[in-house]
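Below is one structure; the comments refer to it alone.
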Amino acid sequence: MAPSALICETQPWKDLKAHVDDIKKTHLRELMSDTERCQSMMIEFDGMLLDYSRQRATSDTLNKLKNLAEAAHLKEKINKMFNGERINSTEDRSVLHVALRAPRDSVINSDGKNVVPDVWQVLDKIKDFSERIRSGAWIGATGKALTNVIAVGIGGSFLGPLFVHTALQTDSEASEFAKGRQLRFLANVDPVDVARNITGLDPETTLVVVVSKTFTTAETMLNARTIREWISAALGPEAVAKHMVAVSTNLTLVEKFGIDPNNAFAFWDWVGGRYSVCSAVGVLPLSLQYGFAVVEKFLKGASSIDQHFHSAPIEKNLPVLLGLLSVWNVSFLGYPARAILPYTQALEKFAPHIQQVSMESNGKGVSIDGVPLPFEAGEIDFGEPGTNGQHSFYQLIHQGRVIPCDFIGVVKSQQPVYLKGEVVSNHDELMSNFFAQPDALAYGKTPEQLLKENVPHHLVTHKTFSGDRPSVSLLLPSLNAYNIGQLLAIYEHRVAVEGFVWGINSFDQWGVELGKSLATQVRKQLNASRKKAEPVEGFNFSTTALLTRYLEASTD
Ligand code: F6P
């Protein structure tokens with residue numbers, strides 16, 4: 001089949017290119033003075049408020065972006081995803097993470113088969129298993145209840161569950177259910193991470209969940225073997241059956257590893273690793289920690305956004321608008337990065353998770369048909385919770401490079417504090433910054449304003465803020481399991497929208513392969529050198545020198 005035209009060859013793309021000059025003529029300060037415009041750029045869904053009035057965009061920009069969406073066949077692509085078509089063409093797979101949180105009675109087909117009953121079969125199994133562990137009906141090899149869980153996994157088998165766990169930790173309802181329990185994550189193959197994870201834990205009371213879609217990832221398998229050894233050494237090899245379970249699509253390898261297939265929780269190849277937090281990958285460890293009912297609320301939140309994404313018109317569709325605006329910022333205004341700035345410590349692991357979701361999905365150089373892209377796709381995502389970030393990298397965001405920002409705020413704190421005699425609560429203090437920063441970025445401060453304030457002449461340029469720096473503000477009513485699910489799904493779908501418009505495959509990740517295969521070559525060399533003292537061979541000068549130094553210095 002002939003490759004479809006690149007999006008940059010379409011008229012709407014060219015119209016947007018031409019439109020950039022118009023936009024650059026108008027400072028955000030001026031755009032913000034148009035109340036009607038600002039009103040039209042606030043949308044609400046299910047208690048959430050998205051304000052994108054601080055984007056360098058007008059209603060004309062929005063219309064042009066809508067035309068671009070049409071030219072990219074965005075709606076058709078979204079429908080194909082929900083209909084289970086094999087839109088991940090390079091891996092010949094459907095992309096159905098939406099099925100993981102679909103209500104029990106819904107129908108979502110993959111290859112003509114409704115996958116929802118399979119999803120719920122696993123969810124029911126998780127509910128039953130986690131209740132047995134939590135109630136003490138399932139006990140460890142020495143008769144003790146398993147109150148601690150180590151989830152061993154990396155990438156998509158780690159970052160999503162870690163983000164949700166961190167967010168739930170201080171939620172009053174969830175934390176109540178987690179009393180007396182611990183959940184830890186072992187991701188890095190670094191032995192330091194192993195040491196940090198097992199320190200203070202007793203194998204007798206620890207359950208290990210090995211999480212790996214493929215069950216072949218080198219780091220995870222080595223960590224799993226290391227932890228298996230930790231259990232065997234303390235409790236004997238037969239204890240492994242009671243203390244280790246797995247989450248994977250590869251149940252054959254799970255069994256080969258020595259984990260009873262009855263204690264394995266399946267998922268499917270139509271779930272991408274970075275989109276797998278709503279599968280057993282996240283649901284099992286989180287249910288063990290917080291109970292299934294809390295996790296079910298999280299799934300419901302994600303599902304509410306799935307339905308909204310699937311059915312809402314563009315102008316009211318949160319993920320679609322956010323995706324289109326990101327394309328505008330990256331491909332037309334030329335801003336390659338995006339800062340994710342949640343004003344709640346509970347979301348401290350949100351940016352790291354979205355980094356993988358976004359950068360592994362959209363960091364591509366060719367179209368879905370394999371044609372090199374004449375434009376840059378994807379964006380560089382990073383972030384920290386406010387206000388910490390303000391005391392770190394915001395200097396660059398205010399006066400250095402232009403980085404579009406996502407400000408995420410929460411109306412009701414998970415842990416409100418009202419100090420005696422103070423009217424403004426600690427949360428109000430935090431939120432004062434959430435409201436102030438977007439305006440500081442948009443309006444800036446002019447030399448005239450500074451001179452009026454009697455700023456000495458030699459400091460005027462230093463203290464000037466150019467402004468005109470775009471951001472979006474997303475205000476959530478609270479941060480509980482349901483909202484956390486919503487937030488996750490908004491970002492997952494936003495990334496998909498960007499990829500659909502750019503015309504790339506957001507669901508493969510060939511870019512991670514080369515490093516993996518080179519590491520295999522190095523591992524072989526290290527084996528040969530350590531076992532048989534073979535010299536380092538077959539590498540370039542630099543790698544040979546580094547490896548030789550490493551081998552010599554570490555065998556001293
Ligand atoms: O190296 C990248 C990657 O393939 C991710 O896409 C994936 O989430 C991660 O590795 C872990 O893979 P697995 O779940 O198969 O261990």
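Every chain in the structure tokens takes a letter, A first, then B, and so on in the order presented; its residues are numbered from 1, and the ligands are numbered from 1 following the presented order.
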Test item: residues at most 9 Å from region 389-404 of chain A, only C-alpha atoms, excluding those fewer than 2 positions along its chain, as a ChimeraX atom specification: /A:55,326,329,335-341,383-387,406,437,440-441,444,464-472
Please provide as a count of residues only all residues within 9 Å of region 159-175 of chain A, with the sequence filter that same-chain residues fewer than 2 positions apart are discarded (counting only C-alpha atoms). 46
Sort by chain and increasing residue number a table of all residues of chain A within 10 Å of ligand 1, each with its closest pair of atoms and their distance in Å to one decimal, counting only C-alpha atoms and all ligand atoms, and write it as a Markdown table.
```
| residue | atom | partner | partner_atom_place_in_ligand_line | distance |
| --- | --- | --- | --- | --- |
| A:Val152 | CA | ligand 1 | 16 (O) | 9.3 |
| A:Gly153 | CA | ligand 1 | 16 (O) | 6.1 |
| A:Ile154 | CA | ligand 1 | 11 (C) | 5.1 |
| A:Gly155 | CA | ligand 1 | 8 (O) | 4.1 |
| A:Gly156 | CA | ligand 1 | 8 (O) | 3.3 |
| A:Ser157 | CA | ligand 1 | 14 (O) | 4.8 |
| A:Phe158 | CA | ligand 1 | 8 (O) | 7.7 |
| A:Leu159 | CA | ligand 1 | 8 (O) | 8.5 |
| A:Gly160 | CA | ligand 1 | 8 (O) | 9.6 |
| A:Ala187 | CA | ligand 1 | 11 (C) | 9.6 |
| A:Val210 | CA | ligand 1 | 16 (O) | 9.2 |
| A:Val211 | CA | ligand 1 | 14 (O) | 6.4 |
| A:Ser212 | CA | ligand 1 | 14 (O) | 3.5 |
| A:Lys213 | CA | ligand 1 | 14 (O) | 3.7 |
| A:Thr214 | CA | ligand 1 | 15 (O) | 3.7 |
| A:Phe215 | CA | ligand 1 | 15 (O) | 5.6 |
| A:Thr216 | CA | ligand 1 | 15 (O) | 6.3 |
| A:Thr217 | CA | ligand 1 | 16 (O) | 4.5 |
| A:Ala218 | CA | ligand 1 | 16 (O) | 7.9 |
| A:Glu219 | CA | ligand 1 | 16 (O) | 8.1 |
| A:Thr220 | CA | ligand 1 | 16 (O) | 6.2 |
| A:Met221 | CA | ligand 1 | 16 (O) | 8.2 |
| A:Val247 | CA | ligand 1 | 14 (O) | 9.0 |
| A:Ser248 | CA | ligand 1 | 14 (O) | 7.5 |
| A:Thr249 | CA | ligand 1 | 15 (O) | 8.6 |
| A:Asn250 | CA | ligand 1 | 15 (O) | 9.2 |
| A:Gly272 | CA | ligand 1 | 6 (O) | 7.1 |
| A:Gly273 | CA | ligand 1 | 8 (O) | 3.8 |
| A:Arg274 | CA | ligand 1 | 8 (O) | 5.0 |
| A:Tyr275 | CA | ligand 1 | 8 (O) | 8.3 |
| A:Ser276 | CA | ligand 1 | 8 (O) | 8.1 |
| A:Val281 | CA | ligand 1 | 14 (O) | 8.5 |
| A:Gln356 | CA | ligand 1 | 6 (O) | 8.3 |
| A:Val357 | CA | ligand 1 | 6 (O) | 9.1 |
| A:Glu360 | CA | ligand 1 | 6 (O) | 7.2 |
| A:Ser361 | CA | ligand 1 | 6 (O) | 9.0 |
| A:Phe507 | CA | ligand 1 | 6 (O) | 9.2 |
| A:Asp508 | CA | ligand 1 | 6 (O) | 8.0 |
| A:Gln509 | CA | ligand 1 | 6 (O) | 6.4 |
| A:Trp510 | CA | ligand 1 | 4 (O) | 8.7 |
| A:Gly511 | CA | ligand 1 | 2 (C) | 8.6 |
| A:Val512 | CA | ligand 1 | 1 (O) | 5.3 |
| A:Glu513 | CA | ligand 1 | 1 (O) | 7.3 |
| A:Gly515 | CA | ligand 1 | 1 (O) | 9.3 |
| A:Lys516 | CA | ligand 1 | 1 (O) | 7.9 |
```
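If you measure from each of A:Met81, A:Ala5, A:Leu284, A:Ile43 to Leu322 (chain A) using only C-alpha atoms, the closest one turns out to be A:Ile43.
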Which residue is closest to Ala18 (chain A)? Choose from A:Leu50, A:Ile108, A:Leu333, A:Ile227 and count only C-alpha atoms. A:Leu333
Excluding Phe500 (chain A) and residues on its chain fewer than 6 positions from it, collect all residues at most 10 Å away from it, counting only C-alpha atoms, and give them as a VMD selection string. chain A and resid 7 69 72 to 78 323 362 368 494 506
Length of the CA of Val115 (chain A) to CA of Ala496 (chain A) vector [Å]: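 CA of Ala496 (chain A) lies at a distance of 21.2 Å from CA of Val115 (chain A).
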All strand (DSSP E) residues (DSSP, backbone) inside region 372-436 of chain A, as a list in words: Ile380, Asp381, Phe382, Gly383, Cys405, Asp406, Phe407, Ile408, Gly409 and Val410 of chain A
For the residues selected in the previous step, produce a file with N, CA and C atoms as a PDB file, in the first residue's frame.
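The resulting file, result_0.pdb, is shown below:
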```pdb
ATOM      1  N   ILE A 380       9.915  17.012  24.820  1.00  0.00           N
ATOM      2  CA  ILE A 380      10.737  16.661  25.983  1.00  0.00           C
ATOM      3  C   ILE A 380       9.900  16.994  27.215  1.00  0.00           C
ATOM      4  N   ASP A 381       9.528  15.973  27.961  1.00  0.00           N
ATOM      5  CA  ASP A 381       8.694  16.195  29.140  1.00  0.00           C
ATOM      6  C   ASP A 381       9.538  16.126  30.405  1.00  0.00           C
ATOM      7  N   PHE A 382       9.297  17.031  31.291  1.00  0.00           N
ATOM      8  CA  PHE A 382       9.938  16.965  32.599  1.00  0.00           C
ATOM      9  C   PHE A 382       9.043  17.702  33.592  1.00  0.00           C
ATOM     10  N   GLY A 383       9.325  17.531  34.854  1.00  0.00           N
ATOM     11  CA  GLY A 383       8.508  18.270  35.813  1.00  0.00           C
ATOM     12  C   GLY A 383       8.784  17.880  37.245  1.00  0.00           C
ATOM     13  N   CYS A 405       3.908  25.164  29.889  1.00  0.00           N
ATOM     14  CA  CYS A 405       3.760  24.499  31.194  1.00  0.00           C
ATOM     15  C   CYS A 405       2.345  23.986  31.402  1.00  0.00           C
ATOM     16  N   ASP A 406       2.259  22.841  32.058  1.00  0.00           N
ATOM     17  CA  ASP A 406       0.966  22.328  32.528  1.00  0.00           C
ATOM     18  C   ASP A 406       0.920  22.565  34.030  1.00  0.00           C
ATOM     19  N   PHE A 407       0.062  23.456  34.480  1.00  0.00           N
ATOM     20  CA  PHE A 407      -0.124  23.633  35.919  1.00  0.00           C
ATOM     21  C   PHE A 407      -1.318  22.774  36.342  1.00  0.00           C
ATOM     22  N   ILE A 408      -1.082  21.895  37.307  1.00  0.00           N
ATOM     23  CA  ILE A 408      -2.167  21.024  37.778  1.00  0.00           C
ATOM     24  C   ILE A 408      -2.424  21.345  39.246  1.00  0.00           C
ATOM     25  N   GLY A 409      -3.615  21.795  39.545  1.00  0.00           N
ATOM     26  CA  GLY A 409      -3.935  22.159  40.929  1.00  0.00           C
ATOM     27  C   GLY A 409      -5.119  21.356  41.440  1.00  0.00           C
ATOM     28  N   VAL A 410      -5.268  21.344  42.749  1.00  0.00           N
ATOM     29  CA  VAL A 410      -6.337  20.570  43.383  1.00  0.00           C
ATOM     30  C   VAL A 410      -7.083  21.504  44.340  1.00  0.00           C
TER      31      VAL A 410
END
```
Within 12 Å of Asn67 (chain A), counting only C-alpha atoms, which residues qualify if same-chain residues fewer than 3 places away don't, as a list in words?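 Counting only the stated atoms, we get Ile7, Thr10, Gln11, Pro12, Trp13, Lys14, Asp15, Leu16, Asp60, Thr61, Leu62, Asn63, Lys64, Glu70, Ala71, Ala72, His73, Leu74, Lys75, Ile314, Leu324 and Val501 of chain A.
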Selection from above, C-alpha atoms, as a short mmCIF file (atom, residue, chain, number, x, y, z; two decimals), in the first residue's frame, can you write it?
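Output file part_31.cif follows:
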```
data_model
loop_
_atom_site.label_atom_id
_atom_site.label_comp_id
_atom_site.auth_asym_id
_atom_site.auth_seq_id
_atom_site.Cartn_x
_atom_site.Cartn_y
_atom_site.Cartn_z
CA ILE A 7 0.51 15.70 7.59
CA THR A 10 -1.68 19.12 3.88
CA GLN A 11 -3.28 22.55 3.50
CA PRO A 12 -4.31 22.86 7.18
CA TRP A 13 -0.67 22.35 8.23
CA LYS A 14 0.42 25.04 5.77
CA ASP A 15 -2.35 27.34 7.02
CA LEU A 16 -1.12 26.93 10.57
CA ASP A 60 -8.80 31.29 14.57
CA THR A 61 -5.94 29.07 15.78
CA LEU A 62 -8.46 26.65 17.23
CA ASN A 63 -10.38 26.47 13.96
CA LYS A 64 -7.19 25.84 12.07
CA GLU A 70 -9.69 16.51 10.20
CA ALA A 71 -6.83 16.28 7.73
CA ALA A 72 -5.12 13.83 10.10
CA HIS A 73 -8.34 11.75 10.32
CA LEU A 74 -8.14 12.10 14.08
CA LYS A 75 -11.70 11.00 14.80
CA ILE A 314 -13.39 18.58 19.74
CA LEU A 324 -3.86 19.72 19.50
CA VAL A 501 -1.98 14.12 14.22
#
```
Find the spatial neighbours of Phe292 (chain A), counting only C-alpha atoms, within a cut-off of 9 Å - ignore same-chain residues fewer than 3 positions away - and output them as an MDAnalysis selection string. chainID A and resid 123 126:128 130:131 283:284 286:289 295:297
Dump as a PDB file, in the first residue's frame, selection limited to C-alpha atoms:
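The resulting file, selection.pdb, is reproduced below:
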```pdb
ATOM      1  CA  LEU A 123      -9.814  -8.331  37.907  1.00  0.00           C
ATOM      2  CA  ILE A 126      -6.977 -10.014  41.715  1.00  0.00           C
ATOM      3  CA  LYS A 127      -9.828  -9.028  44.013  1.00  0.00           C
ATOM      4  CA  ASP A 128      -9.988 -12.520  45.461  1.00  0.00           C
ATOM      5  CA  SER A 130      -5.641  -9.452  47.314  1.00  0.00           C
ATOM      6  CA  GLU A 131      -8.436 -10.008  49.818  1.00  0.00           C
ATOM      7  CA  VAL A 283      -4.090  -3.248  39.773  1.00  0.00           C
ATOM      8  CA  LEU A 284      -2.454  -6.163  41.598  1.00  0.00           C
ATOM      9  CA  LEU A 286      -2.212  -1.410  44.316  1.00  0.00           C
ATOM     10  CA  SER A 287      -5.033  -3.748  45.404  1.00  0.00           C
ATOM     11  CA  LEU A 288      -2.663  -5.529  47.751  1.00  0.00           C
ATOM     12  CA  GLN A 289      -1.813  -2.191  49.324  1.00  0.00           C
ATOM     13  CA  VAL A 295      -8.429   0.568  42.786  1.00  0.00           C
ATOM     14  CA  GLU A 296     -11.824   0.036  41.189  1.00  0.00           C
ATOM     15  CA  LYS A 297     -12.531   3.739  41.751  1.00  0.00           C
TER      16      LYS A 297
END
```
Spatial neighbours of Leu235 (chain A), max dist 12 Å, only C-alpha atoms, sep filter under 2 positions, as a ChimeraX atom specification: /A:140-143,202-206,228-233,237-243
Just the selected residues (N, CA and C atoms), exported as a PDB file, in the first residue's frame, please.
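Generated file (result_30.pdb):
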```
ATOM      1  N   GLY A 140       2.372 -16.769  54.656  1.00  0.00           N
ATOM      2  CA  GLY A 140       3.699 -17.126  54.157  1.00  0.00           C
ATOM      3  C   GLY A 140       4.135 -18.501  54.660  1.00  0.00           C
ATOM      4  N   ALA A 141       5.334 -18.905  54.242  1.00  0.00           N
ATOM      5  CA  ALA A 141       5.822 -20.257  54.521  1.00  0.00           C
ATOM      6  C   ALA A 141       5.948 -20.533  56.016  1.00  0.00           C
ATOM      7  N   THR A 142       6.141 -19.494  56.822  1.00  0.00           N
ATOM      8  CA  THR A 142       6.301 -19.737  58.261  1.00  0.00           C
ATOM      9  C   THR A 142       5.019 -19.395  59.034  1.00  0.00           C
ATOM     10  N   GLY A 143       3.942 -19.241  58.284  1.00  0.00           N
ATOM     11  CA  GLY A 143       2.648 -19.030  58.952  1.00  0.00           C
ATOM     12  C   GLY A 143       2.316 -17.579  59.253  1.00  0.00           C
ATOM     13  N   ASP A 202      11.308  -8.230  56.159  1.00  0.00           N
ATOM     14  CA  ASP A 202      11.541  -9.603  56.579  1.00  0.00           C
ATOM     15  C   ASP A 202      10.952 -10.511  55.502  1.00  0.00           C
ATOM     16  N   PRO A 203      11.746 -11.439  54.934  1.00  0.00           N
ATOM     17  CA  PRO A 203      11.186 -12.332  53.904  1.00  0.00           C
ATOM     18  C   PRO A 203       9.940 -13.064  54.388  1.00  0.00           C
ATOM     19  N   GLU A 204       9.887 -13.350  55.678  1.00  0.00           N
ATOM     20  CA  GLU A 204       8.730 -14.099  56.228  1.00  0.00           C
ATOM     21  C   GLU A 204       7.402 -13.388  55.999  1.00  0.00           C
ATOM     22  N   THR A 205       7.452 -12.051  55.939  1.00  0.00           N
ATOM     23  CA  THR A 205       6.197 -11.289  55.806  1.00  0.00           C
ATOM     24  C   THR A 205       6.123 -10.551  54.472  1.00  0.00           C
ATOM     25  N   THR A 206       6.947 -10.986  53.510  1.00  0.00           N
ATOM     26  CA  THR A 206       7.023 -10.266  52.232  1.00  0.00           C
ATOM     27  C   THR A 206       6.495 -11.100  51.068  1.00  0.00           C
ATOM     28  N   ARG A 228      14.412 -13.840  44.566  1.00  0.00           N
ATOM     29  CA  ARG A 228      14.062 -15.253  44.815  1.00  0.00           C
ATOM     30  C   ARG A 228      15.115 -15.884  45.740  1.00  0.00           C
ATOM     31  N   GLU A 229      16.368 -15.527  45.473  1.00  0.00           N
ATOM     32  CA  GLU A 229      17.481 -16.035  46.274  1.00  0.00           C
ATOM     33  C   GLU A 229      17.360 -15.547  47.725  1.00  0.00           C
ATOM     34  N   TRP A 230      16.961 -14.292  47.857  1.00  0.00           N
ATOM     35  CA  TRP A 230      16.791 -13.686  49.200  1.00  0.00           C
ATOM     36  C   TRP A 230      15.733 -14.467  49.987  1.00  0.00           C
ATOM     37  N   ILE A 231      14.665 -14.855  49.287  1.00  0.00           N
ATOM     38  CA  ILE A 231      13.602 -15.618  49.964  1.00  0.00           C
ATOM     39  C   ILE A 231      14.067 -17.042  50.253  1.00  0.00           C
ATOM     40  N   SER A 232      14.649 -17.690  49.242  1.00  0.00           N
ATOM     41  CA  SER A 232      15.097 -19.082  49.416  1.00  0.00           C
ATOM     42  C   SER A 232      16.120 -19.195  50.531  1.00  0.00           C
ATOM     43  N   ALA A 233      17.060 -18.238  50.540  1.00  0.00           N
ATOM     44  CA  ALA A 233      18.130 -18.316  51.541  1.00  0.00           C
ATOM     45  C   ALA A 233      17.539 -18.221  52.951  1.00  0.00           C
ATOM     46  N   PRO A 237      13.847 -23.108  49.506  1.00  0.00           N
ATOM     47  CA  PRO A 237      13.352 -22.923  48.136  1.00  0.00           C
ATOM     48  C   PRO A 237      11.844 -23.149  47.991  1.00  0.00           C
ATOM     49  N   GLU A 238      11.282 -24.023  48.824  1.00  0.00           N
ATOM     50  CA  GLU A 238       9.832 -24.290  48.672  1.00  0.00           C
ATOM     51  C   GLU A 238       8.969 -23.093  49.090  1.00  0.00           C
ATOM     52  N   ALA A 239       9.598 -22.118  49.785  1.00  0.00           N
ATOM     53  CA  ALA A 239       8.840 -20.926  50.224  1.00  0.00           C
ATOM     54  C   ALA A 239       8.482 -20.018  49.052  1.00  0.00           C
ATOM     55  N   VAL A 240       9.237 -20.182  47.950  1.00  0.00           N
ATOM     56  CA  VAL A 240       9.018 -19.302  46.784  1.00  0.00           C
ATOM     57  C   VAL A 240       7.554 -19.362  46.335  1.00  0.00           C
ATOM     58  N   ALA A 241       6.957 -20.540  46.363  1.00  0.00           N
ATOM     59  CA  ALA A 241       5.571 -20.706  45.906  1.00  0.00           C
ATOM     60  C   ALA A 241       4.602 -19.826  46.688  1.00  0.00           C
ATOM     61  N   LYS A 242       4.893 -19.628  47.953  1.00  0.00           N
ATOM     62  CA  LYS A 242       4.001 -18.832  48.813  1.00  0.00           C
ATOM     63  C   LYS A 242       4.322 -17.344  48.754  1.00  0.00           C
ATOM     64  N   HIS A 243       5.564 -17.041  48.341  1.00  0.00           N
ATOM     65  CA  HIS A 243       6.038 -15.657  48.482  1.00  0.00           C
ATOM     66  C   HIS A 243       6.256 -14.934  47.160  1.00  0.00           C
TER      67      HIS A 243
END
```
Excluding Phe332 (chain A) and residues on its chain fewer than 2 positions from it, collect all residues at most 7 Å away from it, counting only C-alpha atoms, and give them as an mmCIF file with N, CA and C atoms, in the first residue's frame.
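Okay, part.cif is ready:
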```
data_model
loop_
_atom_site.group_PDB
_atom_site.id
_atom_site.type_symbol
_atom_site.label_atom_id
_atom_site.label_comp_id
_atom_site.auth_asym_id
_atom_site.auth_seq_id
_atom_site.Cartn_x
_atom_site.Cartn_y
_atom_site.Cartn_z
ATOM 1 N N LYS A 17 1.100 27.059 9.626
ATOM 2 C CA LYS A 17 2.458 27.639 9.483
ATOM 3 C C LYS A 17 2.333 29.138 9.196
ATOM 4 N N VAL A 20 1.329 31.432 12.187
ATOM 5 C CA VAL A 20 2.278 31.687 13.282
ATOM 6 C C VAL A 20 2.632 33.178 13.366
ATOM 7 N N TRP A 328 0.474 22.317 18.294
ATOM 8 C CA TRP A 328 0.648 23.745 17.952
ATOM 9 C C TRP A 328 1.962 24.276 18.548
ATOM 10 N N ASN A 329 2.175 23.957 19.827
ATOM 11 C CA ASN A 329 3.380 24.462 20.499
ATOM 12 C C ASN A 329 4.660 23.860 19.932
ATOM 13 N N VAL A 330 4.620 22.549 19.680
ATOM 14 C CA VAL A 330 5.846 21.871 19.228
ATOM 15 C C VAL A 330 6.118 22.168 17.755
ATOM 16 N N GLY A 334 7.370 26.062 17.758
ATOM 17 C CA GLY A 334 8.767 25.631 17.879
ATOM 18 C C GLY A 334 9.262 25.441 19.299
#
```
